[in-house]
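Student: Would you mind keeping the following structure in view while I ask a few things?
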Amino acid sequence: MRVLAVLMILLGLGVSSCHGKVLVWPVVIEAHGVNKGDVFTIHCSTSAEHSQKVQLDLALFDQTGDGQVYFLEDQESVVRARSIVQVGTDEFLLEPHGKKTVTLQLLDDSFSSAYVVLFVNSRRDDGVNTRLAVLLLLSTEGAEESMGISDLKLQNGVVYVTFQNTGDRHGLLSGRMVCYDALGGVVEEVPITSGRVLPQRSRSIELALPGHTRRVHFSPLEVGLGI
């Protein structure tokens, strides 16, 4: 098993890692080649002067066409998330300036990819409530991304690009966009990346083009896991 835990959310995820003097890290766990029984660790701490009751919940997440995350909290999704991951404890008390380590164990590996969110809900003695999210991007051995460009359009000095992942694991496509003028000369070379794209999903981005651009070419395009 290879695990990467990062503090920056590169998928365009609309969640926070620190609010109301509560810190949770990592906020993203990306693990490939997972197996039943694997254990992941989450750390919680606070600098608040008040104790906080913390409750942990599981759900699934998905991705919109512009790369933003949305949570699937319906009963079916919650039941599925709980069948994949087991939390070591459902709730605990976080003392003032305290720390707590939470373990997550993989119960099921009969999937290609699974996208689980752990909600960290806290309630302070002074009545302030917060909810943080930890995202788990999990894939089993043999799962592969299949990234490509499904749509490309130039309009009014802007290039609209849609990246598509037809594989069964999230991926990332990166390379350089070469901009040409009407005579075929190179105007500028611009680095480009799709950001993480979940399996069977597409993600569109917009890029402003340098002046005098009449044609663009993407090369080389390299597929990665989004690391």
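Letters A, B, ... go to the chains of the structure tokens in the order shown; residues in each chain start at 1; ligands are counted from 1 in the same order.
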If we count only C-alpha atoms and set the cut-off at 9 Å, which residues sit around stretch 138-147 of chain A, ignoring sequence neighbours fewer than 2 positions away in its own chain? Please answer as number ranges by chain.
Tutor: A: 1, 29-35, 109-116, 136, 149, 163-173, 197-199, 223-225
Student: Tell me, which residues of stretch 3-167 of chain A carry DSSP helix (DSSP H, G or I), written as an mmCIF file with C-alpha atoms, in the first residue's frame?
Tutor:
```
data_model
loop_
_atom_site.group_PDB
_atom_site.id
_atom_site.type_symbol
_atom_site.label_atom_id
_atom_site.label_comp_id
_atom_site.auth_asym_id
_atom_site.auth_seq_id
_atom_site.Cartn_x
_atom_site.Cartn_y
_atom_site.Cartn_z
ATOM 1 C CA GLN A 75 -28.918 6.963 3.778
ATOM 2 C CA GLU A 76 -27.629 4.695 0.998
ATOM 3 C CA SER A 77 -24.357 6.632 0.729
ATOM 4 C CA VAL A 78 -23.849 6.688 4.493
ATOM 5 C CA VAL A 79 -24.444 2.936 4.743
ATOM 6 C CA ARG A 80 -21.999 2.324 1.892
ATOM 7 C CA ALA A 81 -19.340 4.552 3.484
ATOM 8 C CA ARG A 82 -19.681 2.690 6.794
ATOM 9 C CA SER A 83 -19.293 -0.629 4.985
ATOM 10 C CA ILE A 84 -15.962 0.553 3.546
#
```
Student: Considering only C-alpha atoms, return as a PyMOL selection string whatever protein or nucleic-acid residues lie within 9 Å of A:Lys100, sequence-local ones (same chain, fewer than 3 positions apart) excluded.
Tutor: chain A and resi 42-45+92-94
Student: Just write the chosen residues, all heavy atoms, as a compact mmCIF listing (two decimals), in the first residue's frame.
Tutor:
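Written out: part.txt:
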```txt
# COMPACT_ATOMS: atom_id res chain seq x y z
N ILE A 42 -5.93 9.94 11.65
CA ILE A 42 -6.32 11.34 11.61
C ILE A 42 -5.99 11.96 12.97
O ILE A 42 -6.20 11.34 14.01
CB ILE A 42 -7.83 11.51 11.34
CG1 ILE A 42 -8.23 10.77 10.07
CG2 ILE A 42 -8.19 12.99 11.24
CD1 ILE A 42 -7.60 11.29 8.82
N HIS A 43 -5.50 13.19 12.96
CA HIS A 43 -5.15 13.89 14.20
C HIS A 43 -6.06 15.11 14.38
O HIS A 43 -6.30 15.87 13.43
CB HIS A 43 -3.69 14.33 14.17
CG HIS A 43 -2.73 13.22 13.90
ND1 HIS A 43 -2.34 12.32 14.87
CD2 HIS A 43 -2.10 12.85 12.76
CE1 HIS A 43 -1.50 11.45 14.35
NE2 HIS A 43 -1.33 11.75 13.07
N CYS A 44 -6.54 15.29 15.59
CA CYS A 44 -7.36 16.45 15.94
C CYS A 44 -6.70 17.18 17.11
O CYS A 44 -6.18 16.54 18.03
CB CYS A 44 -8.77 16.02 16.35
SG CYS A 44 -9.67 15.07 15.11
N SER A 45 -6.74 18.50 17.07
CA SER A 45 -6.21 19.28 18.19
C SER A 45 -6.97 20.59 18.27
O SER A 45 -7.68 20.98 17.34
CB SER A 45 -4.71 19.55 18.01
OG SER A 45 -4.47 20.42 16.91
N PHE A 92 -15.76 11.71 21.06
CA PHE A 92 -14.79 11.86 22.15
C PHE A 92 -14.82 13.30 22.64
O PHE A 92 -15.38 14.19 21.98
CB PHE A 92 -13.37 11.47 21.71
CG PHE A 92 -12.86 12.25 20.52
CD1 PHE A 92 -12.17 13.44 20.69
CD2 PHE A 92 -13.04 11.77 19.23
CE1 PHE A 92 -11.68 14.15 19.60
CE2 PHE A 92 -12.56 12.46 18.13
CZ PHE A 92 -11.88 13.66 18.32
N LEU A 93 -14.18 13.55 23.77
CA LEU A 93 -14.09 14.89 24.33
C LEU A 93 -12.68 15.42 24.08
O LEU A 93 -11.69 14.79 24.48
CB LEU A 93 -14.38 14.86 25.83
CG LEU A 93 -14.40 16.22 26.54
CD1 LEU A 93 -15.58 17.06 26.03
CD2 LEU A 93 -14.47 16.05 28.05
N LEU A 94 -12.61 16.56 23.42
CA LEU A 94 -11.33 17.20 23.15
C LEU A 94 -11.13 18.27 24.22
O LEU A 94 -11.83 19.28 24.25
CB LEU A 94 -11.33 17.82 21.75
CG LEU A 94 -9.99 18.27 21.17
CD1 LEU A 94 -9.01 17.11 21.09
CD2 LEU A 94 -10.18 18.88 19.78
```
Student: Have a look at A:Gln55, A:Asn129, A:Gln63, A:Thr103 and name the one nearest to A:Thr41; count only C-alpha atoms.
Tutor: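 Using only C-alpha atoms, A:Thr41 sits closest to A:Thr103.
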Student: Near A:Gly37, counting only C-alpha atoms, which residues have an atom at most 10 Å away, once you skip same-chain residues fewer than 3 positions from it, shown as a list in words?
Tutor: Val34, Phe40, Val85, Gln86, Leu104, Gln105, Leu106, Leu107, Asp108 and Asp109 of chain A
Student: Pick from A:Gln68, A:Thr162, A:Thr89, A:Thr213: nearest to A:Val178, with only C-alpha atoms counted?
Tutor: A:Thr213
Student: Rounded to one decimal in Å, what is the spacing between atom CA of A:Val39 and atom CA of A:Lys53?
Tutor: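 For atom CA of A:Val39 relative to atom CA of A:Lys53, the distance reads 23.8 Å.
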Student: Would you list the contacts of A:Gly185 as a count of residues only, taking every protein, DNA or RNA residue within 12 Å and counting only C-alpha atoms, but skipping same-chain residues closer than 6 positions in sequence?
Tutor: 7
Student: Could you check which of A:Leu135, A:Val187, A:Tyr180, A:Ser219 is closest to A:Tyr70, using only C-alpha atoms?
Tutor: A:Leu135
Student: Taking only C-alpha atoms into account, which of A:Lys153, A:Gly127, A:Trp25, A:Arg196 comes nearest A:Thr101?
Tutor: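 Closest candidate: A:Trp25.
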Student: Pick out the closest residue to A:Gly67 from this set: A:His217, A:Val159, A:Gly195, A:Gly211. Count only C-alpha atoms.
Tutor: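 Result for the nearest residue to A:Gly67: A:Gly195.
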Student: As an exercise, work out the distance from atom CA of A:Asp181 to atom CA of A:Asp66 in Å and give it to one decimal place.
Tutor: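 Between atom CA of A:Asp181 and atom CA of A:Asp66 the gap is 28.7 Å.
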Student: Please indicate the distance in Å from atom CA of A:Leu60 to atom CA of A:Glu73, rounded to one decimal place.
Tutor: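 Distance between the two atoms: 6.8 Å.
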